[in-house]
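Here's input-v4.pdb, which has PDB, C-alpha atoms:
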```
MODEL        1
ATOM      1  CA  MET G   1     -16.118 102.369 176.516
ATOM      2  CA  THR G   2     -13.736 103.229 173.696
ATOM      3  CA  SER G   3     -13.579 101.267 170.484
ATOM      4  CA  VAL G   4     -10.403 100.197 168.721
ATOM      5  CA  VAL G   5     -10.227 103.312 166.541
ATOM      6  CA  GLY G   6     -10.432 105.746 169.485
ATOM      7  CA  PHE G   7     -14.024 106.671 168.830
ATOM      8  CA  SER G   8     -16.363 105.934 171.754
ATOM      9  CA  ASN G   9     -19.670 104.241 171.067
ATOM     10  CA  ARG G  10     -21.460 107.326 172.406
ATOM     11  CA  SER G  11     -19.526 109.540 169.974
ATOM     12  CA  ARG G  12     -20.423 107.205 167.110
ATOM     13  CA  VAL G  13     -24.108 107.373 167.979
ATOM     14  CA  ALA G  14     -23.998 111.169 168.332
ATOM     15  CA  ALA G  15     -22.176 111.549 165.014
ATOM     16  CA  GLY G  16     -24.602 109.145 163.333
ATOM     17  CA  VAL G  17     -27.664 111.043 164.583
ATOM     18  CA  VAL G  18     -26.212 114.370 163.487
ATOM     19  CA  VAL G  19     -25.225 113.140 160.023
ATOM     20  CA  LEU G  20     -28.613 111.448 159.559
ATOM     21  CA  ALA G  21     -30.482 114.627 160.559
ATOM     22  CA  VAL G  22     -28.435 116.723 158.135
ATOM     23  CA  PHE G  23     -29.006 114.168 155.376
ATOM     24  CA  MET G  24     -32.760 114.315 156.082
ATOM     25  CA  THR G  25     -32.912 118.121 155.825
ATOM     26  CA  ASN G  26     -30.802 118.249 152.671
ATOM     27  CA  LEU G  27     -32.739 115.440 151.042
ATOM     28  CA  ASP G  28     -35.962 117.281 151.737
ATOM     29  CA  LEU G  29     -34.606 120.369 150.020
ATOM     30  CA  TRP G  30     -34.031 118.477 146.753
ATOM     31  CA  ILE G  31     -36.388 115.490 146.673
ATOM     32  CA  VAL G  32     -39.471 117.645 146.230
ATOM     33  CA  ASN G  33     -38.263 118.457 142.713
ATOM     34  CA  VAL G  34     -38.902 114.838 141.755
ATOM     35  CA  ALA G  35     -42.430 114.925 143.149
ATOM     36  CA  LEU G  36     -43.563 118.197 141.540
ATOM     37  CA  PRO G  37     -45.476 116.612 138.631
ATOM     38  CA  ALA G  38     -47.377 114.317 141.012
ATOM     39  CA  MET G  39     -48.061 117.254 143.343
ATOM     40  CA  GLY G  40     -49.433 119.260 140.437
ATOM     41  CA  ALA G  41     -51.916 116.488 139.670
ATOM     42  CA  SER G  42     -52.741 115.933 143.344
ATOM     43  CA  PHE G  43     -53.470 119.582 144.028
ATOM     44  CA  SER G  44     -55.580 120.167 140.934
ATOM     45  CA  HIS G  45     -58.256 122.843 140.684
ATOM     46  CA  GLY G  46     -61.360 121.915 138.694
ATOM     47  CA  GLY G  47     -59.585 119.004 137.028
ATOM     48  CA  ARG G  48     -56.616 121.152 135.990
ATOM     49  CA  PRO G  49     -53.234 120.485 137.599
ATOM     50  CA  ALA G  50     -51.794 123.173 139.876
ATOM     51  CA  SER G  51     -49.727 125.668 137.914
ATOM     52  CA  LEU G  52     -45.951 125.541 137.896
ATOM     53  CA  ALA G  53     -45.941 129.059 139.356
ATOM     54  CA  ASP G  54     -47.966 127.871 142.359
ATOM     55  CA  LEU G  55     -45.952 124.663 142.689
ATOM     56  CA  SER G  56     -42.703 126.624 142.696
ATOM     57  CA  TRP G  57     -43.690 127.970 146.123
ATOM     58  CA  VAL G  58     -43.354 124.466 147.543
ATOM     59  CA  LEU G  59     -39.644 124.667 146.664
ATOM     60  CA  ASN G  60     -39.098 128.384 147.172
ATOM     61  CA  ALA G  61     -40.800 128.580 150.566
ATOM     62  CA  TYR G  62     -38.379 125.987 151.930
ATOM     63  CA  ALA G  63     -35.238 127.403 150.292
ATOM     64  CA  ILE G  64     -35.925 131.040 151.190
ATOM     65  CA  THR G  65     -36.862 130.284 154.787
ATOM     66  CA  LEU G  66     -33.861 127.999 155.255
ATOM     67  CA  ALA G  67     -31.471 130.628 153.886
ATOM     68  CA  ALA G  68     -33.045 133.431 155.929
ATOM     69  CA  LEU G  69     -32.961 131.575 159.255
ATOM     70  CA  LEU G  70     -29.701 129.617 159.069
ATOM     71  CA  VAL G  71     -27.450 132.260 160.613
ATOM     72  CA  VAL G  72     -30.110 133.498 163.028
ATOM     73  CA  LEU G  73     -30.827 130.050 164.459
ATOM     74  CA  GLY G  74     -27.130 129.190 164.489
ATOM     75  CA  ARG G  75     -26.637 132.219 166.724
ATOM     76  CA  VAL G  76     -29.543 131.120 168.916
ATOM     77  CA  GLY G  77     -27.733 127.792 169.280
ATOM     78  CA  ASP G  78     -24.605 129.664 170.399
ATOM     79  CA  ARG G  79     -26.569 131.517 173.072
ATOM     80  CA  VAL G  80     -29.051 128.879 174.256
ATOM     81  CA  GLY G  81     -27.028 125.749 173.604
ATOM     82  CA  GLN G  82     -26.464 123.620 170.524
ATOM     83  CA  ARG G  83     -28.216 120.501 171.777
ATOM     84  CA  PRO G  84     -31.588 122.045 172.728
ATOM     85  CA  VAL G  85     -31.764 124.005 169.471
ATOM     86  CA  PHE G  86     -30.815 120.900 167.473
ATOM     87  CA  ILE G  87     -33.481 118.805 169.211
ATOM     88  CA  ALA G  88     -36.072 121.545 168.778
ATOM     89  CA  GLY G  89     -35.158 121.674 165.087
ATOM     90  CA  ILE G  90     -35.699 117.928 164.737
ATOM     91  CA  VAL G  91     -39.076 118.147 166.500
ATOM     92  CA  VAL G  92     -40.235 121.101 164.382
ATOM     93  CA  PHE G  93     -38.944 119.536 161.152
ATOM     94  CA  THR G  94     -40.584 116.176 161.875
ATOM     95  CA  GLY G  95     -43.917 117.706 162.901
ATOM     96  CA  ALA G  96     -43.986 119.894 159.812
ATOM     97  CA  SER G  97     -43.127 116.860 157.679
ATOM     98  CA  VAL G  98     -46.244 115.125 158.971
ATOM     99  CA  VAL G  99     -48.324 118.197 158.082
ATOM    100  CA  CYS G 100     -46.718 118.215 154.614
ATOM    101  CA  ALA G 101     -47.676 114.587 154.094
ATOM    102  CA  LEU G 102     -51.272 115.268 155.151
ATOM    103  CA  ALA G 103     -51.692 118.676 153.494
ATOM    104  CA  PRO G 104     -55.201 118.963 152.051
ATOM    105  CA  ASP G 105     -54.248 121.710 149.613
ATOM    106  CA  LEU G 106     -51.218 123.354 148.089
ATOM    107  CA  TRP G 107     -51.116 126.393 150.363
ATOM    108  CA  VAL G 108     -51.207 124.298 153.535
ATOM    109  CA  LEU G 109     -48.248 122.434 152.051
ATOM    110  CA  VAL G 110     -46.411 125.703 151.375
ATOM    111  CA  VAL G 111     -46.939 126.931 154.961
ATOM    112  CA  ALA G 112     -45.841 123.545 156.323
ATOM    113  CA  ARG G 113     -42.706 123.769 154.163
ATOM    114  CA  VAL G 114     -41.905 127.149 155.735
ATOM    115  CA  VAL G 115     -42.166 125.599 159.207
ATOM    116  CA  GLN G 116     -40.187 122.569 158.047
ATOM    117  CA  ALA G 117     -37.403 124.840 156.786
ATOM    118  CA  ALA G 118     -37.321 126.647 160.131
ATOM    119  CA  GLY G 119     -36.688 123.283 161.789
ATOM    120  CA  ALA G 120     -33.972 122.523 159.247
ATOM    121  CA  ALA G 121     -32.384 125.923 159.869
ATOM    122  CA  ALA G 122     -32.180 125.090 163.570
ATOM    123  CA  GLN G 123     -30.638 121.686 162.845
ATOM    124  CA  LEU G 124     -27.958 122.505 160.289
ATOM    125  CA  PRO G 125     -25.648 124.961 162.088
ATOM    126  CA  THR G 126     -26.061 123.293 165.472
ATOM    127  CA  SER G 127     -25.425 119.867 163.971
ATOM    128  CA  LEU G 128     -21.914 120.814 162.901
ATOM    129  CA  ALA G 129     -21.107 122.193 166.349
ATOM    130  CA  LEU G 130     -22.437 119.022 167.986
ATOM    131  CA  LEU G 131     -20.554 116.819 165.551
ATOM    132  CA  LEU G 132     -17.244 118.561 166.174
ATOM    133  CA  ALA G 133     -17.776 118.398 169.943
ATOM    134  CA  SER G 134     -18.510 114.659 169.877
ATOM    135  CA  VAL G 135     -15.709 113.513 167.580
ATOM    136  CA  PRO G 136     -12.054 113.216 168.609
ATOM    137  CA  ALA G 137      -9.797 115.815 166.986
ATOM    138  CA  GLU G 138      -8.051 113.255 164.785
ATOM    139  CA  ARG G 139     -11.415 112.146 163.322
ATOM    140  CA  ARG G 140     -12.945 115.582 162.686
ATOM    141  CA  THR G 141     -11.884 115.850 159.048
ATOM    142  CA  GLY G 142     -13.644 112.612 158.127
ATOM    143  CA  ALA G 143     -16.672 113.447 160.239
ATOM    144  CA  THR G 144     -16.956 116.873 158.622
ATOM    145  CA  ARG G 145     -16.766 115.247 155.193
ATOM    146  CA  ALA G 146     -19.613 112.916 156.120
ATOM    147  CA  TRP G 147     -21.605 115.889 157.425
ATOM    148  CA  ALA G 148     -21.029 117.873 154.238
ATOM    149  CA  ALA G 149     -21.791 114.955 151.949
TER     150      ALA G 149
ENDMDL
END
```
Would you encode the structure as structure tokens?
Amino acid sequence: MTSVVGFSNRSRVAAGVVVLAVFMTNLDLWIVNVALPAMGASFSHGGRPASLADLSWVLNAYAITLAALLVVLGRVGDRVGQRPVFIAGIVVFTGASVVCALAPDLWVLVVARVVQAAGAAAQLPTSLALLLASVPAERRTGATRAWAA
């Protein structure tokens, strides 16, 4: 079934899922900055908040892992298939997010952030390929803008 604007309902759903997943991974990269003071208090040692140096690993572990694996997992998506790598990325990211939320100490959180970033690295490059494949050619510019935003 095609809608009035030439964009099938299935394509809309696919584009929506892809854009939402990309938003989720990008939000997770930046939102932790807001929570750092609360994390420092939560992961205190002997009544003293966790140090900024230790807390920086919560941010750096994610950013470094994401940057290191983006091209590698994009290539895996080219070889294995975009959809299975994208879905695996969502599963890994979501599972690691649960571990992050339940982390009993700072270093469990850091390791979970590494795993979370690996899931994000699987999602990001494959998401663009899936988006472009699901959107009609005349709508790709707008869809790519939504993806990038």
Once the PyMOL selection byres ((chain G and resi 28) around 12) has been applied to the shown file, what residues remain in the selection, as a PyMOL selection string?
chain G and resi 21-27+29-35+58-59+62-63+66+93-94+96-97+100+113+116-117+119-120
Evaluate the PyMOL selection byres ((chain G and resi 121) around 8) against this structure - the residues, as a list in words, please.
Leu66, Ala67, Leu69, Leu70, Leu73, Gly74, Gly89, Ala117, Ala118, Gly119, Ala120, Ala122, Gln123, Leu124 and Pro125 of chain G
Okay, now the selection with C-alpha atoms, as an mmCIF file, in the frame of the given file?
```cif
data_model
loop_
_atom_site.group_PDB
_atom_site.id
_atom_site.type_symbol
_atom_site.label_atom_id
_atom_site.label_comp_id
_atom_site.auth_asym_id
_atom_site.auth_seq_id
_atom_site.Cartn_x
_atom_site.Cartn_y
_atom_site.Cartn_z
ATOM 1 C CA LEU G 66 -33.861 127.999 155.255
ATOM 2 C CA ALA G 67 -31.471 130.628 153.886
ATOM 3 C CA LEU G 69 -32.961 131.575 159.255
ATOM 4 C CA LEU G 70 -29.701 129.617 159.069
ATOM 5 C CA LEU G 73 -30.827 130.050 164.459
ATOM 6 C CA GLY G 74 -27.130 129.190 164.489
ATOM 7 C CA GLY G 89 -35.158 121.674 165.087
ATOM 8 C CA ALA G 117 -37.403 124.840 156.786
ATOM 9 C CA ALA G 118 -37.321 126.647 160.131
ATOM 10 C CA GLY G 119 -36.688 123.283 161.789
ATOM 11 C CA ALA G 120 -33.972 122.523 159.247
ATOM 12 C CA ALA G 122 -32.180 125.090 163.570
ATOM 13 C CA GLN G 123 -30.638 121.686 162.845
ATOM 14 C CA LEU G 124 -27.958 122.505 160.289
ATOM 15 C CA PRO G 125 -25.648 124.961 162.088
#
```
Which of these, G:Pro84, G:Gly142, G:Pro136, G:Pro104, has the shortest distance to Phe43 (chain G) once you count only C-alpha atoms?
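Of G:Pro84, G:Gly142, G:Pro136, G:Pro104, the one nearest Phe43 (chain G) is G:Pro104, counting only C-alpha atoms.
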Which is closer to Ile64 (chain G) than all the others in G:Val110, G:Val99, G:Met39, G:Val80, using only C-alpha atoms?
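Ranked by minimum distance to Ile64 (chain G), first place goes to G:Val110.
The residue set within 9 Å of Trp147 (chain G), counting all atoms listed in the file and dropping same-chain residues fewer than 6 places from it, reads G:Ala15, G:Val18, G:Val19, G:Leu20, G:Val22, G:Phe23, G:Ser127, G:Leu128, G:Leu131.
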